[in-house]
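What follows is a single structure, written as structure tokens, with notes after it.
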Amino acid sequence: MASVFSSETIDDVTDIAESLKQLSVARAQINLLRKQNESLKKQLNEKDLIVSNGPSTASSSEKIELSIIGTIKTKFKERRCVPRQPGLCPLAQACLTISNSIFTNPNHALEGLSDFSHMWILFHFHKNETTHVHAKVSPPRLNGLRTGVLGTRSPHRPSPIGLSLVQIDKVEGNSVYFSGVDMIDGTPVLDIKPYIPHYDAPATLRSDQHVSLFDNGSHQILLDPLTSDREAPDGEETDAYDMPLSPLHTRVRVPLWITEPLMQQLTVEFSSRAREFLNSLDTNDIEATIVSILKEDPRSVYVRERYSNQFYTFLIGGYHVSCKFDDTKHTISVYRISHVDSMENVADQEGAQCLSIG
């Protein structure tokens, strides 16, 4: 028996088919827009950086446009195990290349920089994928406790801008080679400025001096004479630590969680296999960098609490490092170090156990 459909039913089917067709077109357009957006983002990272003072709802009057003056080349190809602060790996080296799209002769812009030993680098946390800005964060040294994001150096900020003080090794052409890296490879740089202790250092702590330390319960205060070539006021030409507080003195106050972190450093151990590989290298820089990174425990608080005693792998330069945490003994054992190329040809049995974190 043949099925009989009313004209209304046929019209309904036609409408559904047309709606599905329009939905398919809409999806294709959305995918195209996504691709165009990714392309624009890539161009933005390569050329100019738009910084807003809030989420995407910020108006045009709340945004500023900054130029990227160059990019940084480092050994750290991924976010995992990048040093959290520039002083943690003083031997880790990098190179900043100034773009000729900003200066016709970028090497001219670097004239005079080699007269300084250190410089400030202002850079963009371009791998920061945070879409929501939190008012409070959990710095590693607070071991899970939360504090205001603007009272920390967390990369997850309303304006994801980093500031690092590094040592200048040499200036060649349009490139600056420096030590004390805490940036990922390809980091875009907004500006660099020479470090001038007369202006930048409120207290210069020298190894031949005994710096007074005061503890008021929640803060520690460092007291030291300000390095300056200005003459002391009349009647104050006495030993620096016999002098009363004056314009030549300053108090530097930091919270206790900076000087007395709630998490202890880890002891880094190397297996005989890893030690044999290190001994085959012509440099000790890799070992020193690995120790500097791991002793500070590169895991986030969340990962540390949820996955204790875990296997952990990371890349540094052309080397693949495999290790395991022992949270009971506060140690981390590096059991294998290998060249990245050779590692790709080896069946990594621990791979399924290694936790991939950003």
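Note on naming: chains are A, B, ... as they come in the structure tokens, residues start from 1 per chain, ligands start from 1 in the order shown.
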
Apply DSSP to the structure's backbone, then extract all residues of stretch 134-215 of chain A labelled strand (DSSP E) and return them as a ChimeraX atom specification.
/A:136-137,147-148,161-172,175-179,188-194,212-215

Writer output for current selection, C-alpha atoms, as a compact mmCIF listing (two decimals), in the first residue's frame:
# COMPACT_ATOMS: atom_id res chain seq x y z
CA LYS A 136 43.54 35.47 43.59
CA VAL A 137 46.14 32.89 42.61
CA THR A 147 46.78 35.63 47.53
CA GLY A 148 46.01 38.59 45.26
CA ILE A 161 53.31 41.16 30.59
CA GLY A 162 56.51 39.75 32.06
CA LEU A 163 59.47 41.63 33.52
CA SER A 164 62.88 39.99 33.96
CA LEU A 165 66.30 41.22 34.99
CA VAL A 166 69.00 39.38 33.04
CA GLN A 167 72.76 39.54 32.57
CA ILE A 168 74.06 40.82 29.24
CA ASP A 169 76.71 38.48 27.82
CA LYS A 170 77.39 40.26 24.55
CA VAL A 171 75.82 42.45 21.88
CA GLU A 172 76.41 41.48 18.27
CA SER A 175 71.17 40.58 18.71
CA VAL A 176 71.67 40.59 22.48
CA TYR A 177 72.94 37.41 24.14
CA PHE A 178 72.03 37.14 27.80
CA SER A 179 71.95 34.76 30.79
CA PRO A 188 57.84 38.43 21.85
CA VAL A 189 59.65 41.34 23.49
CA LEU A 190 58.01 44.73 24.03
CA ASP A 191 61.03 46.65 25.29
CA ILE A 192 64.43 46.39 26.97
CA LYS A 193 66.06 48.87 29.34
CA PRO A 194 69.54 48.91 30.90
CA SER A 212 70.24 43.82 59.05
CA LEU A 213 67.08 41.72 59.01
CA PHE A 214 63.97 42.63 60.96
CA ASP A 215 60.95 40.37 61.37

Using only C-alpha atoms for the distances, tell me which of A:Gln93, A:Thr313, A:Ser24, A:Gln29 is nearest to A:Lys75.
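For A:Lys75, the nearest of the candidates is A:Gln93.
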
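Residues in contact with A:Glu260 at up to 10 Å, not including ones fewer than 3 positions away on its chain and judged by only C-alpha atoms, are Arg141, Leu142, Gln220, Pro255, Leu256, Trp257, Met263 and Gln264 of chain A.
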
With N, CA, C and O atoms retained, write the just-selected residues as a PDB file, in the first residue's frame.
ATOM      1  N   ARG A 141      55.254  28.971  46.068  1.00  0.00           N
ATOM      2  CA  ARG A 141      55.863  29.113  47.389  1.00  0.00           C
ATOM      3  C   ARG A 141      54.829  29.145  48.510  1.00  0.00           C
ATOM      4  O   ARG A 141      55.175  28.933  49.675  1.00  0.00           O
ATOM      5  N   LEU A 142      53.568  29.421  48.167  1.00  0.00           N
ATOM      6  CA  LEU A 142      52.520  29.422  49.188  1.00  0.00           C
ATOM      7  C   LEU A 142      51.891  28.037  49.356  1.00  0.00           C
ATOM      8  O   LEU A 142      51.028  27.856  50.207  1.00  0.00           O
ATOM      9  N   GLN A 220      59.446  40.505  56.435  1.00  0.00           N
ATOM     10  CA  GLN A 220      60.842  40.690  56.787  1.00  0.00           C
ATOM     11  C   GLN A 220      61.334  41.944  56.093  1.00  0.00           C
ATOM     12  O   GLN A 220      61.011  42.204  54.937  1.00  0.00           O
ATOM     13  N   PRO A 255      57.068  39.859  51.955  1.00  0.00           N
ATOM     14  CA  PRO A 255      56.316  38.951  52.826  1.00  0.00           C
ATOM     15  C   PRO A 255      57.158  37.725  53.186  1.00  0.00           C
ATOM     16  O   PRO A 255      58.080  37.341  52.463  1.00  0.00           O
ATOM     17  N   LEU A 256      56.809  37.095  54.282  1.00  0.00           N
ATOM     18  CA  LEU A 256      57.582  35.951  54.759  1.00  0.00           C
ATOM     19  C   LEU A 256      57.562  34.781  53.785  1.00  0.00           C
ATOM     20  O   LEU A 256      58.503  33.985  53.764  1.00  0.00           O
ATOM     21  N   TRP A 257      56.504  34.653  52.975  1.00  0.00           N
ATOM     22  CA  TRP A 257      56.454  33.510  52.071  1.00  0.00           C
ATOM     23  C   TRP A 257      57.486  33.615  50.959  1.00  0.00           C
ATOM     24  O   TRP A 257      57.744  32.632  50.246  1.00  0.00           O
ATOM     25  N   MET A 263      56.941  25.609  50.967  1.00  0.00           N
ATOM     26  CA  MET A 263      57.384  24.358  50.355  1.00  0.00           C
ATOM     27  C   MET A 263      58.902  24.339  50.331  1.00  0.00           C
ATOM     28  O   MET A 263      59.538  25.354  50.082  1.00  0.00           O
ATOM     29  N   GLN A 264      59.487  23.191  50.630  1.00  0.00           N
ATOM     30  CA  GLN A 264      60.932  23.098  50.691  1.00  0.00           C
ATOM     31  C   GLN A 264      61.514  22.676  49.348  1.00  0.00           C
ATOM     32  O   GLN A 264      60.835  22.072  48.515  1.00  0.00           O
TER      33      GLN A 264
END

Let me make sure I understand: among A:Leu315, A:Leu281, A:Val25, A:Val181, which one has the smallest atom-to-atom distance to A:Cys95 if we use only C-alpha atoms?
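Closest candidate: A:Val181.
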
Non-local contacts of stretch 283-290 of chain A (7 Å; only C-alpha atoms; under 2 positions in same chain excluded) as a PDB file with N, CA, C and O atoms, in the first residue's frame:
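Below you can see result.pdb, which holds the result:
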ATOM      1  N   CYS A  89      68.111  30.043  37.094  1.00  0.00           N
ATOM      2  CA  CYS A  89      69.042  29.356  36.189  1.00  0.00           C
ATOM      3  C   CYS A  89      70.003  30.375  35.584  1.00  0.00           C
ATOM      4  O   CYS A  89      69.865  30.762  34.416  1.00  0.00           O
ATOM      5  N   LEU A  91      72.898  30.166  34.469  1.00  0.00           N
ATOM      6  CA  LEU A  91      73.713  29.710  33.346  1.00  0.00           C
ATOM      7  C   LEU A  91      72.903  29.510  32.074  1.00  0.00           C
ATOM      8  O   LEU A  91      73.477  29.333  30.992  1.00  0.00           O
ATOM      9  N   ALA A  92      71.583  29.517  32.180  1.00  0.00           N
ATOM     10  CA  ALA A  92      70.734  29.334  30.995  1.00  0.00           C
ATOM     11  C   ALA A  92      70.831  30.572  30.112  1.00  0.00           C
ATOM     12  O   ALA A  92      70.565  31.691  30.554  1.00  0.00           O
ATOM     13  N   LEU A 278      75.668  12.666  31.136  1.00  0.00           N
ATOM     14  CA  LEU A 278      76.171  14.011  31.439  1.00  0.00           C
ATOM     15  C   LEU A 278      77.690  14.063  31.312  1.00  0.00           C
ATOM     16  O   LEU A 278      78.247  15.052  30.819  1.00  0.00           O
ATOM     17  N   LEU A 281      79.114  14.751  27.873  1.00  0.00           N
ATOM     18  CA  LEU A 281      78.943  16.070  27.276  1.00  0.00           C
ATOM     19  C   LEU A 281      80.162  16.945  27.527  1.00  0.00           C
ATOM     20  O   LEU A 281      80.930  16.725  28.464  1.00  0.00           O
ATOM     21  N   SER A 292      68.829  23.332  38.796  1.00  0.00           N
ATOM     22  CA  SER A 292      68.193  24.601  39.161  1.00  0.00           C
ATOM     23  C   SER A 292      66.693  24.556  38.942  1.00  0.00           C
ATOM     24  O   SER A 292      65.911  25.098  39.733  1.00  0.00           O
ATOM     25  N   ILE A 293      66.267  23.891  37.878  1.00  0.00           N
ATOM     26  CA  ILE A 293      64.836  23.803  37.568  1.00  0.00           C
ATOM     27  C   ILE A 293      64.116  22.857  38.520  1.00  0.00           C
ATOM     28  O   ILE A 293      63.085  23.193  39.109  1.00  0.00           O
ATOM     29  N   LEU A 294      64.685  21.655  38.700  1.00  0.00           N
ATOM     30  CA  LEU A 294      63.972  20.613  39.442  1.00  0.00           C
ATOM     31  C   LEU A 294      63.961  20.839  40.949  1.00  0.00           C
ATOM     32  O   LEU A 294      63.004  20.457  41.621  1.00  0.00           O
TER      33      LEU A 294
END

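Shortest separation to A:Ile68 among A:Met183, A:Cys81, A:Leu88, A:Ile98 occurs at residue A:Ile98, atoms counted being only C-alpha atoms.
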